[in-house]
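*Asks:* This is structure.cif (mmCIF, C-alpha atoms).
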```cif
data_structure
#
loop_
_atom_site.label_atom_id
_atom_site.label_comp_id
_atom_site.auth_asym_id
_atom_site.auth_seq_id
_atom_site.Cartn_x
_atom_site.Cartn_y
_atom_site.Cartn_z
CA MET A 1 43.81 -106.51 21.31
CA ASN A 2 42.92 -105.53 17.76
CA TRP A 3 39.60 -107.26 17.12
CA LEU A 4 39.35 -106.14 13.52
CA ASN A 5 42.62 -107.87 12.71
CA SER A 6 41.45 -111.08 14.40
CA ILE A 7 38.14 -111.02 12.53
CA LEU A 8 39.94 -110.42 9.25
CA ILE A 9 42.25 -113.39 9.85
CA LEU A 10 39.28 -115.64 10.65
CA LEU A 11 37.44 -114.43 7.56
CA VAL A 12 40.44 -115.09 5.33
CA ALA A 13 40.81 -118.56 6.89
CA PHE A 14 37.19 -119.30 5.98
CA LEU A 15 37.65 -118.05 2.41
CA ALA A 16 40.98 -119.88 2.06
CA VAL A 17 39.42 -123.23 2.93
CA PHE A 18 36.57 -122.60 0.49
CA MET A 19 38.95 -121.61 -2.32
CA GLU A 20 41.19 -124.62 -1.72
CA SER A 21 38.13 -126.78 -2.14
CA VAL A 22 36.64 -125.10 -5.20
CA PHE A 23 39.55 -123.85 -7.31
CA ASP A 24 41.62 -126.55 -8.91
CA GLY A 25 44.17 -124.38 -10.71
CA ALA A 26 47.17 -125.32 -8.55
CA ARG A 27 46.02 -128.93 -8.28
CA ASN A 28 45.74 -129.30 -12.06
CA LEU A 29 48.97 -127.43 -12.73
CA LEU A 30 51.20 -128.80 -9.96
CA GLY A 31 49.44 -131.99 -8.92
CA ALA A 32 48.82 -130.75 -5.37
CA GLN A 33 46.59 -128.25 -3.63
CA ILE A 34 48.44 -125.54 -1.71
CA ASP A 35 47.21 -124.87 1.82
CA LEU A 36 47.03 -121.22 2.91
CA LEU A 37 46.20 -121.99 6.55
CA PRO A 38 49.79 -122.64 7.81
CA ALA A 39 50.92 -119.34 6.25
CA LEU A 40 47.99 -117.62 7.92
CA MET A 41 48.95 -119.18 11.24
CA VAL A 42 52.51 -117.82 10.87
CA TYR A 43 51.08 -114.35 10.31
CA ALA A 44 48.67 -114.71 13.25
CA SER A 45 51.42 -115.92 15.60
CA LEU A 46 53.65 -112.95 14.76
CA SER A 47 50.95 -110.29 14.70
CA SER A 48 48.17 -111.24 17.11
CA GLY A 49 47.53 -112.48 20.62
CA LEU A 50 47.43 -116.08 21.74
CA LEU A 51 43.64 -116.03 21.76
CA THR A 52 43.54 -115.16 18.06
CA VAL A 53 46.17 -117.81 17.26
CA THR A 54 44.09 -120.42 19.10
CA ALA A 55 40.83 -119.28 17.51
CA VAL A 56 42.27 -119.36 13.98
CA ALA A 57 43.80 -122.83 14.52
CA VAL A 58 40.55 -124.25 15.91
CA ALA A 59 38.24 -122.55 13.40
CA GLY A 60 40.57 -123.13 10.43
CA GLY A 61 41.11 -126.77 11.37
CA LEU A 62 37.40 -127.47 11.83
CA LEU A 63 36.51 -125.70 8.56
CA PHE A 64 39.22 -127.61 6.68
CA ASP A 65 38.12 -130.96 8.09
CA THR A 66 34.50 -130.22 7.29
CA LEU A 67 35.16 -129.88 3.56
CA SER A 68 37.59 -132.78 3.67
CA SER A 69 37.32 -136.47 4.45
CA ASN A 70 39.64 -135.92 7.40
CA PRO A 71 38.21 -136.93 10.77
CA LEU A 72 36.84 -133.78 12.36
CA GLY A 73 39.47 -132.05 14.51
CA ILE A 74 42.54 -133.73 13.00
CA SER A 75 43.87 -130.47 11.50
CA ILE A 76 43.67 -128.36 14.68
CA LEU A 77 46.96 -129.43 16.30
CA PRO A 78 49.01 -129.42 13.07
CA LEU A 79 47.96 -125.82 12.57
CA PHE A 80 48.31 -124.75 16.18
CA LEU A 81 51.67 -126.30 17.16
CA PRO A 82 53.98 -124.46 14.70
CA ALA A 83 52.13 -121.22 15.36
CA TYR A 84 52.43 -121.77 19.11
CA ILE A 85 56.19 -122.35 18.91
CA ILE A 86 56.59 -119.20 16.79
CA TYR A 87 54.36 -117.26 19.19
CA VAL A 88 56.41 -118.30 22.22
CA ARG A 89 59.67 -117.28 20.49
CA ARG A 90 58.37 -114.28 18.60
CA GLY A 91 60.46 -111.86 20.63
CA LEU A 92 63.49 -113.32 18.86
CA ILE A 93 62.02 -113.19 15.34
CA LEU A 94 62.39 -110.24 13.00
CA ARG A 95 58.83 -110.14 11.80
CA GLU A 96 59.40 -107.62 9.03
CA GLN A 97 62.17 -109.62 7.36
CA PHE A 98 61.09 -111.22 4.11
CA TYR A 99 63.59 -114.04 4.68
CA ALA A 100 62.15 -114.80 8.12
CA GLN A 101 58.61 -114.87 6.72
CA ILE A 102 59.61 -117.29 3.93
CA VAL A 103 61.51 -119.65 6.26
CA LEU A 104 58.76 -119.71 8.88
CA GLY A 105 56.11 -120.25 6.18
CA LEU A 106 58.16 -123.11 4.73
CA LEU A 107 58.63 -124.78 8.10
CA ALA A 108 54.98 -124.41 9.15
CA SER A 109 53.66 -125.59 5.75
CA ALA A 110 56.01 -128.58 5.78
CA PHE A 111 55.27 -129.51 9.40
CA ALA A 112 51.47 -129.24 9.28
CA PRO A 113 50.76 -131.98 6.67
CA LEU A 114 53.34 -134.31 8.23
CA LEU A 115 51.74 -134.03 11.65
CA ALA A 116 48.27 -134.39 10.13
CA LEU A 117 49.34 -137.61 8.37
CA LEU A 118 50.95 -138.88 11.56
CA MET A 119 47.73 -138.24 13.46
CA LEU A 120 45.72 -139.93 10.67
CA SER A 121 47.91 -143.01 10.98
CA VAL A 122 47.45 -142.99 14.75
CA THR A 123 43.67 -142.84 14.30
CA LYS A 124 43.93 -145.80 11.86
CA GLN A 125 42.73 -143.88 8.80
CA SER A 126 43.99 -144.93 5.37
CA PRO A 127 44.75 -141.88 3.22
CA VAL A 128 45.86 -142.41 -0.39
CA LEU A 129 49.65 -142.08 -0.19
CA GLY A 130 52.41 -142.87 -2.66
CA TRP A 131 55.57 -141.36 -4.09
CA ASP A 132 53.52 -138.54 -5.53
CA SER A 133 52.71 -137.59 -1.91
CA VAL A 134 56.36 -136.51 -1.56
CA TRP A 135 55.90 -134.19 -4.52
CA GLN A 136 52.63 -132.92 -3.02
CA TRP A 137 54.41 -132.26 0.27
CA ILE A 138 57.13 -130.29 -1.52
CA VAL A 139 54.52 -128.25 -3.42
CA MET A 140 52.58 -127.58 -0.21
CA SER A 141 55.74 -126.51 1.64
CA VAL A 142 57.09 -124.24 -1.09
CA GLY A 143 53.61 -122.90 -1.86
CA GLY A 144 53.07 -122.10 1.82
CA ALA A 145 56.47 -120.40 1.97
CA ILE A 146 55.57 -118.18 -0.98
CA LEU A 147 52.14 -117.39 0.43
CA THR A 148 53.43 -116.31 3.85
CA PRO A 149 54.91 -112.94 2.77
CA PHE A 150 51.71 -112.45 0.77
CA CYS A 151 49.72 -112.86 4.02
CA PHE A 152 51.88 -110.24 5.73
CA TRP A 153 51.50 -107.87 2.79
CA LEU A 154 47.71 -108.43 2.64
CA PHE A 155 46.99 -107.99 6.35
CA ASP A 156 49.43 -105.14 6.87
CA GLY A 157 47.76 -103.40 3.93
CA LEU A 158 44.27 -104.08 5.31
CA ASN A 159 45.26 -102.89 8.77
CA HIS A 160 46.79 -99.78 7.28
CA ALA A 161 43.58 -99.10 5.33
CA LEU A 162 41.01 -99.99 7.99
CA ASN A 163 42.62 -99.16 11.34
CA TYR A 164 43.46 -95.86 12.98
CA ARG A 165 47.18 -95.37 12.91
CA PRO A 166 48.70 -95.09 16.39
CA VAL A 167 49.78 -91.60 17.41
CA VAL A 168 53.51 -91.41 17.83
CA GLU A 169 54.19 -89.86 21.23
CA SER A 170 57.16 -87.54 21.51
CA SER A 171 58.72 -85.76 24.45
CA PHE A 172 58.84 -82.61 22.35
CA ARG A 173 55.83 -80.32 22.88
CA LEU A 174 54.95 -77.50 20.54
CA ASP A 175 53.43 -75.40 23.31
CA ARG A 176 56.66 -75.24 25.24
CA GLN A 177 59.64 -73.11 24.43
CA ILE A 178 63.10 -74.47 24.90
CA LYS A 179 65.63 -71.98 25.90
CA ARG A 180 69.19 -73.00 25.46
CA GLY A 181 72.34 -71.56 26.83
CA ARG A 182 73.04 -69.75 30.05
CA GLN A 183 70.94 -66.83 31.16
CA MET B 1 60.37 -120.34 29.84
CA LEU B 2 56.70 -120.92 29.06
CA LYS B 3 54.23 -118.68 30.83
CA ARG B 4 51.12 -120.01 32.49
CA PRO B 5 48.61 -118.67 29.87
CA HIS B 6 50.69 -120.27 27.13
CA LEU B 7 50.52 -123.65 28.80
CA ILE B 8 46.80 -123.26 29.45
CA ALA B 9 46.18 -122.45 25.76
CA LEU B 10 48.25 -125.44 24.64
CA GLY B 11 46.47 -127.72 27.07
CA LEU B 12 43.05 -126.48 25.99
CA VAL B 13 43.80 -127.02 22.29
CA VAL B 14 45.10 -130.54 22.91
CA LEU B 15 42.06 -131.31 25.07
CA LEU B 16 39.65 -129.90 22.47
CA THR B 17 41.33 -131.94 19.73
CA LEU B 18 41.07 -135.12 21.76
CA ILE B 19 37.41 -134.45 22.58
CA VAL B 20 36.46 -133.72 18.97
CA LEU B 21 38.40 -136.72 17.64
CA ASN B 22 36.68 -139.02 20.12
CA LEU B 23 33.14 -137.84 19.40
CA PRO B 24 30.83 -140.52 18.01
CA HIS B 25 30.70 -140.77 14.21
CA HIS B 26 27.09 -139.57 14.12
CA ALA B 27 27.92 -136.46 16.15
CA THR B 28 30.91 -135.52 13.98
CA ASN B 29 28.76 -135.96 10.88
CA GLN B 30 26.18 -133.59 12.35
CA ILE B 31 28.87 -131.05 13.23
CA LYS B 32 30.37 -131.35 9.75
CA LEU B 33 26.94 -130.78 8.23
CA ALA B 34 26.38 -127.74 10.45
CA ILE B 35 29.77 -126.19 9.68
CA GLY B 36 29.47 -127.17 6.02
CA SER B 37 26.22 -125.23 5.76
CA LEU B 38 28.30 -122.06 6.28
CA PHE B 39 29.86 -122.72 2.89
CA LEU B 40 26.59 -123.28 1.04
CA PRO B 41 26.07 -119.61 0.04
CA LEU B 42 29.63 -119.55 -1.30
CA PHE B 43 29.10 -122.75 -3.28
CA GLY B 44 25.93 -121.21 -4.75
CA LEU B 45 27.80 -118.01 -5.54
CA SER B 46 30.63 -119.93 -7.16
CA LYS B 47 28.19 -121.94 -9.30
CA SER B 48 26.26 -118.88 -10.45
CA SER B 49 29.45 -116.96 -11.20
CA GLN B 50 30.65 -119.87 -13.34
CA GLN B 51 27.31 -119.78 -15.17
CA ILE B 52 27.66 -116.03 -15.70
CA ILE B 53 31.17 -116.51 -17.08
CA GLY B 54 29.82 -119.26 -19.32
CA HIS B 55 27.02 -116.98 -20.60
CA ALA B 56 29.49 -114.16 -21.12
CA SER B 57 31.81 -116.38 -23.15
CA ASP B 58 28.78 -117.56 -25.17
CA THR B 59 27.88 -113.99 -26.07
CA LEU B 60 31.48 -113.29 -27.04
CA LEU B 61 31.53 -116.19 -29.51
CA PRO B 62 31.00 -115.07 -33.11
CA ARG B 63 27.78 -116.09 -34.80
CA SER B 64 29.61 -118.20 -37.39
CA GLU B 65 31.24 -120.25 -34.63
CA LEU B 66 27.89 -120.75 -32.90
CA LEU B 67 26.32 -121.87 -36.19
CA ARG B 68 29.19 -124.29 -36.77
CA GLN B 69 28.79 -125.74 -33.26
CA ASN B 70 25.03 -125.95 -33.76
CA GLU B 71 25.49 -127.87 -36.99
CA GLN B 72 28.01 -130.20 -35.30
CA LEU B 73 25.59 -130.86 -32.44
CA ARG B 74 22.71 -131.46 -34.88
CA ARG B 75 24.79 -134.13 -36.65
CA ALA B 76 25.86 -135.70 -33.36
CA ASN B 77 22.23 -135.71 -32.24
CA GLN B 78 21.08 -137.44 -35.43
CA GLU B 79 23.82 -140.05 -35.08
CA LEU B 80 22.90 -140.68 -31.45
CA GLN B 81 19.21 -140.96 -32.32
CA PHE B 82 20.09 -143.51 -34.99
CA ARG B 83 22.20 -145.47 -32.47
CA ALA B 84 19.43 -145.24 -29.87
CA THR B 85 16.98 -146.74 -32.38
CA GLN B 86 19.42 -149.56 -33.07
CA ALA B 87 19.98 -150.05 -29.33
CA GLU B 88 16.23 -150.23 -28.75
CA ALA B 89 15.95 -152.95 -31.39
CA VAL B 90 18.79 -154.89 -29.75
CA GLN B 91 17.17 -154.37 -26.35
CA ARG B 92 13.85 -155.73 -27.64
CA GLU B 93 15.63 -158.74 -29.10
CA ASN B 94 17.52 -159.22 -25.84
CA ASP B 95 14.26 -159.05 -23.86
CA GLN B 96 12.71 -161.64 -26.18
CA PHE B 97 15.64 -164.01 -25.68
CA ARG B 98 15.53 -163.46 -21.93
CA ALA B 99 11.81 -164.24 -21.93
CA LEU B 100 12.52 -167.33 -24.03
CA PHE B 101 15.14 -168.64 -21.57
CA GLY B 102 13.11 -167.54 -18.56
CA TRP B 103 15.78 -165.09 -17.38
CA GLN B 104 14.92 -162.02 -15.35
CA LYS B 105 14.38 -158.85 -17.41
CA GLN B 106 17.33 -156.47 -17.23
CA SER B 107 16.31 -152.99 -16.13
CA LEU B 108 17.93 -149.87 -17.55
CA TRP B 109 19.73 -147.48 -15.22
CA LYS B 110 17.94 -144.41 -13.97
CA VAL B 111 20.47 -141.61 -13.66
CA ARG B 112 20.64 -138.04 -12.35
CA LEU B 113 23.07 -135.42 -13.54
CA ALA B 114 25.15 -133.71 -10.84
CA SER B 115 27.70 -130.93 -10.94
CA VAL B 116 31.02 -131.26 -9.15
CA ILE B 117 31.12 -128.35 -6.73
CA ALA B 118 34.31 -129.04 -4.77
CA ARG B 119 37.25 -131.34 -4.22
CA ASP B 120 38.83 -132.44 -0.98
CA PRO B 121 41.22 -129.64 0.07
CA ALA B 122 43.56 -132.24 1.60
CA ASN B 123 45.80 -133.93 -0.94
CA TRP B 124 45.55 -137.42 0.55
CA TRP B 125 41.89 -138.24 -0.11
CA HIS B 126 40.40 -139.00 -3.55
CA ILE B 127 37.05 -137.41 -2.98
CA ILE B 128 34.77 -134.90 -4.73
CA ARG B 129 31.60 -133.15 -3.65
CA ILE B 130 28.49 -133.00 -5.87
CA ASP B 131 25.44 -130.75 -5.71
CA LEU B 132 22.83 -133.45 -5.00
CA GLY B 133 21.80 -134.47 -1.49
CA THR B 134 19.13 -136.32 0.43
CA ARG B 135 16.44 -133.97 -0.89
CA ASP B 136 17.37 -135.19 -4.40
CA GLY B 137 17.13 -138.83 -3.40
CA MET B 138 20.83 -139.43 -2.85
CA ARG B 139 21.98 -142.11 -0.42
CA PRO B 140 25.31 -143.76 0.41
CA ASP B 141 26.79 -146.31 -2.04
CA LEU B 142 25.03 -145.06 -5.17
CA PRO B 143 27.38 -145.51 -8.17
CA VAL B 144 28.70 -142.40 -9.91
CA ILE B 145 29.74 -142.46 -13.58
CA THR B 146 30.61 -140.26 -16.53
CA SER B 147 29.99 -141.04 -20.19
CA ALA B 148 33.57 -142.43 -20.24
CA GLY B 149 33.24 -144.80 -17.33
CA LEU B 150 33.05 -145.42 -13.61
CA VAL B 151 33.99 -142.57 -11.26
CA GLY B 152 33.20 -143.92 -7.78
CA LYS B 153 30.38 -144.11 -5.31
CA ILE B 154 28.62 -141.79 -2.90
CA SER B 155 30.08 -142.01 0.59
CA THR B 156 28.27 -139.46 2.74
CA VAL B 157 25.15 -137.46 2.01
CA GLY B 158 24.06 -134.04 3.22
CA LEU B 159 20.79 -132.27 2.56
CA THR B 160 21.97 -130.48 -0.57
CA ASP B 161 25.31 -132.09 -1.38
CA SER B 162 27.11 -135.42 -1.22
CA GLN B 163 30.64 -136.71 -1.07
CA VAL B 164 31.79 -139.10 -3.75
CA VAL B 165 34.71 -141.41 -3.02
CA LEU B 166 36.62 -141.90 -6.26
CA ILE B 167 37.74 -145.21 -7.71
CA GLY B 168 41.33 -145.84 -6.62
CA ASN B 169 40.57 -144.82 -3.06
CA PRO B 170 40.88 -147.82 -0.70
CA ASP B 171 37.31 -147.10 0.47
CA CYS B 172 35.98 -147.74 -3.05
CA LYS B 173 36.66 -151.34 -3.95
CA VAL B 174 34.99 -152.50 -7.16
CA ALA B 175 34.39 -156.03 -8.38
CA ALA B 176 35.56 -156.03 -11.99
CA ILE B 177 35.63 -158.38 -14.93
CA VAL B 178 38.07 -158.38 -17.83
CA GLU B 179 36.59 -158.99 -21.26
CA LYS B 180 38.61 -161.66 -23.03
CA PRO B 181 38.21 -161.58 -26.81
CA GLY B 182 36.52 -164.71 -28.09
CA GLU B 183 35.67 -165.98 -24.60
CA ARG B 184 32.24 -165.94 -23.00
CA ASN B 185 33.46 -165.52 -19.43
CA GLY B 186 36.13 -163.05 -18.47
CA GLU B 187 38.59 -162.93 -15.60
CA SER B 188 37.18 -161.43 -12.44
CA GLY B 189 39.01 -159.46 -9.77
CA VAL B 190 38.75 -156.42 -7.52
CA ILE B 191 39.95 -152.86 -8.13
CA THR B 192 41.75 -152.24 -4.86
CA GLY B 193 43.60 -148.94 -5.10
CA VAL B 194 45.90 -146.61 -6.97
CA SER B 195 48.61 -148.61 -8.71
CA SER B 196 51.25 -146.11 -9.75
CA PRO B 197 52.92 -143.92 -7.14
CA LEU B 198 53.15 -141.08 -9.64
CA ASP B 199 49.98 -141.54 -11.67
CA ASN B 200 46.61 -141.81 -9.94
CA THR B 201 44.84 -142.73 -13.18
CA LEU B 202 46.36 -146.20 -12.90
CA VAL B 203 44.63 -148.58 -10.50
CA THR B 204 45.39 -152.15 -9.44
CA LEU B 205 43.15 -155.03 -10.39
CA SER B 206 43.85 -157.64 -7.71
CA PHE B 207 42.60 -161.07 -6.63
CA LEU B 208 42.59 -162.51 -10.16
CA SER B 209 43.07 -166.28 -10.21
CA SER B 210 46.71 -167.38 -10.18
CA ASN B 211 46.58 -168.72 -13.74
CA SER B 212 45.10 -165.54 -15.25
CA SER B 213 46.98 -163.85 -18.03
CA LEU B 214 45.78 -160.40 -19.01
CA LYS B 215 47.10 -158.52 -22.01
CA PRO B 216 47.32 -154.77 -22.62
CA GLY B 217 44.23 -153.28 -24.24
CA GLU B 218 41.71 -155.67 -22.69
CA PHE B 219 38.63 -153.87 -21.39
CA VAL B 220 37.69 -153.93 -17.72
CA ARG B 221 34.09 -153.46 -16.63
CA THR B 222 32.13 -153.71 -13.41
CA TRP B 223 31.17 -157.27 -12.61
CA GLY B 224 28.04 -156.62 -10.58
CA GLU B 225 29.06 -158.69 -7.56
CA GLY B 226 28.51 -156.88 -4.28
CA LYS B 227 25.30 -155.25 -5.54
CA ILE B 228 26.68 -151.69 -5.38
CA PHE B 229 27.84 -151.28 -8.96
CA PRO B 230 25.59 -152.64 -11.72
CA PRO B 231 27.39 -154.90 -14.21
CA GLY B 232 28.80 -153.55 -17.44
CA ILE B 233 30.03 -150.08 -16.49
CA PRO B 234 33.38 -149.43 -18.21
CA ILE B 235 36.26 -149.03 -15.76
CA GLY B 236 39.26 -148.88 -18.06
CA GLN B 237 41.80 -150.89 -20.00
CA VAL B 238 44.65 -153.16 -18.93
CA VAL B 239 47.93 -151.35 -19.63
CA GLU B 240 50.51 -154.13 -19.22
CA ASP B 241 50.74 -157.90 -18.89
CA SER B 242 49.43 -159.21 -15.59
CA HIS B 243 51.85 -160.62 -13.02
CA LEU B 244 51.67 -162.97 -10.04
CA SER B 245 51.80 -161.08 -6.76
CA GLU B 246 53.72 -162.21 -3.69
CA LEU B 247 50.39 -163.13 -2.09
CA GLY B 248 49.63 -165.76 -4.70
CA TYR B 249 47.06 -164.03 -6.88
CA THR B 250 47.49 -162.32 -10.21
CA GLU B 251 47.48 -158.53 -10.45
CA ALA B 252 47.19 -156.15 -13.38
CA ARG B 253 47.40 -152.41 -13.84
CA VAL B 254 44.36 -150.71 -15.31
CA LYS B 255 44.20 -147.25 -16.87
CA LEU B 256 40.92 -145.64 -15.82
CA ALA B 257 38.52 -144.67 -18.60
CA ALA B 258 37.16 -141.60 -16.78
CA ASP B 259 39.46 -138.64 -16.26
CA LEU B 260 39.10 -138.17 -12.50
CA GLY B 261 41.20 -135.02 -12.51
CA ALA B 262 38.86 -133.08 -14.78
CA LEU B 263 35.41 -133.96 -13.53
CA GLU B 264 32.82 -131.22 -13.94
CA GLU B 265 29.58 -133.14 -14.33
CA VAL B 266 28.83 -136.73 -13.32
CA TRP B 267 25.85 -139.07 -13.43
CA VAL B 268 24.54 -140.77 -10.32
CA ILE B 269 22.82 -144.12 -10.96
CA ILE B 270 19.79 -143.96 -8.68
CA GLN B 271 18.28 -147.28 -9.76
#
```
Kindly present the structure from the file in structure tokens form.
*Replies:*
Amino acid sequence: MNWLNSILILLVAFLAVFMESVFDGARNLLGAQIDLLPALMVYASLSSGLLTVTAVAVAGGLLFDTLSSNPLGISILPLFLPAYIIYVRRGLILREQFYAQIVLGLLASAFAPLLALLMLSVTKQSPVLGWDSVWQWIVMSVGGAILTPFCFWLFDGLNHALNYRPVVESSFRLDRQIKRGRQ
Amino acid sequence: MLKRPHLIALGLVVLLTLIVLNLPHHATNQIKLAIGSLFLPLFGLSKSSQQIIGHASDTLLPRSELLRQNEQLRRANQELQFRATQAEAVQRENDQFRALFGWQKQSLWKVRLASVIARDPANWWHIIRIDLGTRDGMRPDLPVITSAGLVGKISTVGLTDSQVVLIGNPDCKVAAIVEKPGERNGESGVITGVSSPLDNTLVTLSFLSSNSSLKPGEFVRTWGEGKIFPPGIPIGQVVEDSHLSELGYTEARVKLAADLGALEEVWVIIQ
């Protein structure tokens, strides 16, 4: 397991929650705050182990709920479930494809708030919802979709810069001479 | 086919979620405070960087512009001083009348200025976070205002910061009174929640008597019932004629006086 990658994902999750809370640019411009955590979960599920996926979902969810009025723990499952499904099926997903990243980001970012709201209604909370919530959901979904390839670009770049690159093993050896033809 | 570690991970996350969600309110508050303290250095950093940007923009302003602003502020200050003198005279007169009628003396609000340091990252709560906490004398239910009008009330308090639930949120119901021109007593009701599905600056004034008729432009202020909000704080203005709701009371839509989307500094009424 690549610990540096896991630590970087957790660090970015922490910073993402802080920035969502402090910077109002998207909220003022689009009327909704975009959530980076689902996009981060898509990246984690396609690039890390299950332990990292679980850790990011738990830590990210708890951090998000701490700065929010959400009941503590309500965001863990909405973050974990889409990432878990992607993780289980990741052998079938072309991780490097831009299209795949966008679609997975869109689905995860659309699913997470819906499940969170469903869980809030189950726990008898009364969030402020109206028709503008539909617009907010669209902004969150599309925003998450756009941010997902950015996550891949960011972390692949960081890994490239900070990690040793794996040595490519080849059957060809320089210290051996190949003689061809009959002797 | 799901492997065993996958199922264990899924089960553990579901179990953890259920445990955390079922923790007592006091315990979750403590955990939130503990986790929230991780963000405190970043909040401080963000505040100081904003101040640095502010100072930098001040130094970039030309001297002529600064002088113009200074002159403008001097005039505004003189005007406000003049109004304050007038208000003091009116206050004295008011106190004399109150003494004459044997009414209790009205005390002026004591306020503290707070900076808005964060907003709720979730889109479905109308909540902000301010930089005053228990060490600054904050406690739940203290009213929060701007110079324009009512903003909300403090909901939860940490050591160095507090959460403010904004007006329009169902958790912030406000007893309100509508000033009727030429009438001594206005119509009273309760601000219950956001009124327009697409505009959260419009709130609903409910529970008005069934024969109430409100007209656009009439001012709405806090009534003072419920003892949380002192009377007289501007809330907003009625934007359209009131109508009878299906439940038998009259409702009206009110445009909030304070711009809740652009809050940077607010006042907390501590007494």
*Asks:* Quick one: which residues from chain A are at most 6 Å off chain B, using only C-alpha atoms, as a ChimeraX atom specification?
*Replies:* /A:20-22,66,68,73,127-128,130-132
*Asks:* Please evaluate the PyMOL selection byres ((chain A and resi 77) around 10) against the structure above and give the resulting residues as number ranges by chain.
*Replies:* A: 54, 57-58, 61, 73-76, 78-84, 112, 115-116, 119; B: 10, 13-14, 16-18
*Asks:* Using C-alpha atoms, can you write the selected residues to a file as a PDB file, in the coordinates of the input?
*Replies:*
```pdb
ATOM      1  CA  THR A  54      44.090-120.420  19.100  1.00  0.00           C
ATOM      2  CA  ALA A  57      43.800-122.830  14.520  1.00  0.00           C
ATOM      3  CA  VAL A  58      40.550-124.250  15.910  1.00  0.00           C
ATOM      4  CA  GLY A  61      41.110-126.770  11.370  1.00  0.00           C
ATOM      5  CA  GLY A  73      39.470-132.050  14.510  1.00  0.00           C
ATOM      6  CA  ILE A  74      42.540-133.730  13.000  1.00  0.00           C
ATOM      7  CA  SER A  75      43.870-130.470  11.500  1.00  0.00           C
ATOM      8  CA  ILE A  76      43.670-128.360  14.680  1.00  0.00           C
ATOM      9  CA  PRO A  78      49.010-129.420  13.070  1.00  0.00           C
ATOM     10  CA  LEU A  79      47.960-125.820  12.570  1.00  0.00           C
ATOM     11  CA  PHE A  80      48.310-124.750  16.180  1.00  0.00           C
ATOM     12  CA  LEU A  81      51.670-126.300  17.160  1.00  0.00           C
ATOM     13  CA  PRO A  82      53.980-124.460  14.700  1.00  0.00           C
ATOM     14  CA  ALA A  83      52.130-121.220  15.360  1.00  0.00           C
ATOM     15  CA  TYR A  84      52.430-121.770  19.110  1.00  0.00           C
ATOM     16  CA  ALA A 112      51.470-129.240   9.280  1.00  0.00           C
ATOM     17  CA  LEU A 115      51.740-134.030  11.650  1.00  0.00           C
ATOM     18  CA  ALA A 116      48.270-134.390  10.130  1.00  0.00           C
ATOM     19  CA  MET A 119      47.730-138.240  13.460  1.00  0.00           C
TER      20      MET A 119
ATOM     21  CA  LEU B  10      48.250-125.440  24.640  1.00  0.00           C
ATOM     22  CA  VAL B  13      43.800-127.020  22.290  1.00  0.00           C
ATOM     23  CA  VAL B  14      45.100-130.540  22.910  1.00  0.00           C
ATOM     24  CA  LEU B  16      39.650-129.900  22.470  1.00  0.00           C
ATOM     25  CA  THR B  17      41.330-131.940  19.730  1.00  0.00           C
ATOM     26  CA  LEU B  18      41.070-135.120  21.760  1.00  0.00           C
TER      27      LEU B  18
END
```
*Asks:* Please write as a PyMOL selection string the full residue list that the PyMOL selection byres ((chain A and resi 142) around 9) yields on this file.
*Replies:* chain A and resi 34+102+105-106+109-110+137-141+143-147
*Asks:* Which residues match the PyMOL selection byres ((chain A and resi 37) around 8) in the file above, as JSON, numbers by chain?
*Replies:* {"A": [13, 16, 17, 35, 36, 38, 39, 40, 41, 60, 79]}
*Asks:* Could you pull the residues within 6 Å of Glu265 in chain B, counting all atoms listed in the file, minus those fewer than 2 positions along the same chain, as a list in words?
*Replies:* Ala114, Ser115, Val116 and Leu263 of chain B
*Asks:* Can those selected residues be exported to a file as an mmCIF file, keeping the file's coordinate frame so that it contains C-alpha atoms?
*Replies:*
```cif
data_model
loop_
_atom_site.group_PDB
_atom_site.id
_atom_site.type_symbol
_atom_site.label_atom_id
_atom_site.label_comp_id
_atom_site.auth_asym_id
_atom_site.auth_seq_id
_atom_site.Cartn_x
_atom_site.Cartn_y
_atom_site.Cartn_z
ATOM 1 C CA ALA B 114 25.150 -133.710 -10.840
ATOM 2 C CA SER B 115 27.700 -130.930 -10.940
ATOM 3 C CA VAL B 116 31.020 -131.260 -9.150
ATOM 4 C CA LEU B 263 35.410 -133.960 -13.530
#
```
*Asks:* Figure out the distance between CA of Ser126 in chain A and CA of Asp141 in chain B, please, to one decimal in Å.
*Replies:*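 Result for CA of Asp141 in chain B versus CA of Ser126 in chain A: 18.8 Å, one decimal.
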*Asks:* At a cut-off of 10 Å, using all atoms listed in the file, what residues contact Val174 in chain B? Leave out same-chain residues fewer than 5 positions from it and give the result as a list in words.
*Replies:*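 Everything that qualifies: Leu150, Gly152, Lys153, Ile167, Gly168, Gly189, Val190, Ile191, Thr192, Gly193, Leu205, Arg221, Thr222, Trp223, Gly224, Glu225, Gly226, Ile228, Phe229 and Ile235 of chain B.
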*Asks:* Give me the residues near Gln101 in chain A as a list in words, where near means some atom within 8 Å (using all atoms listed in the file) and where sequence neighbours in that chain fewer than 6 positions away do not count.
*Replies:*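 Returned residues: Val42, Arg95, Ala145, Thr148 and Pro149 of chain A.
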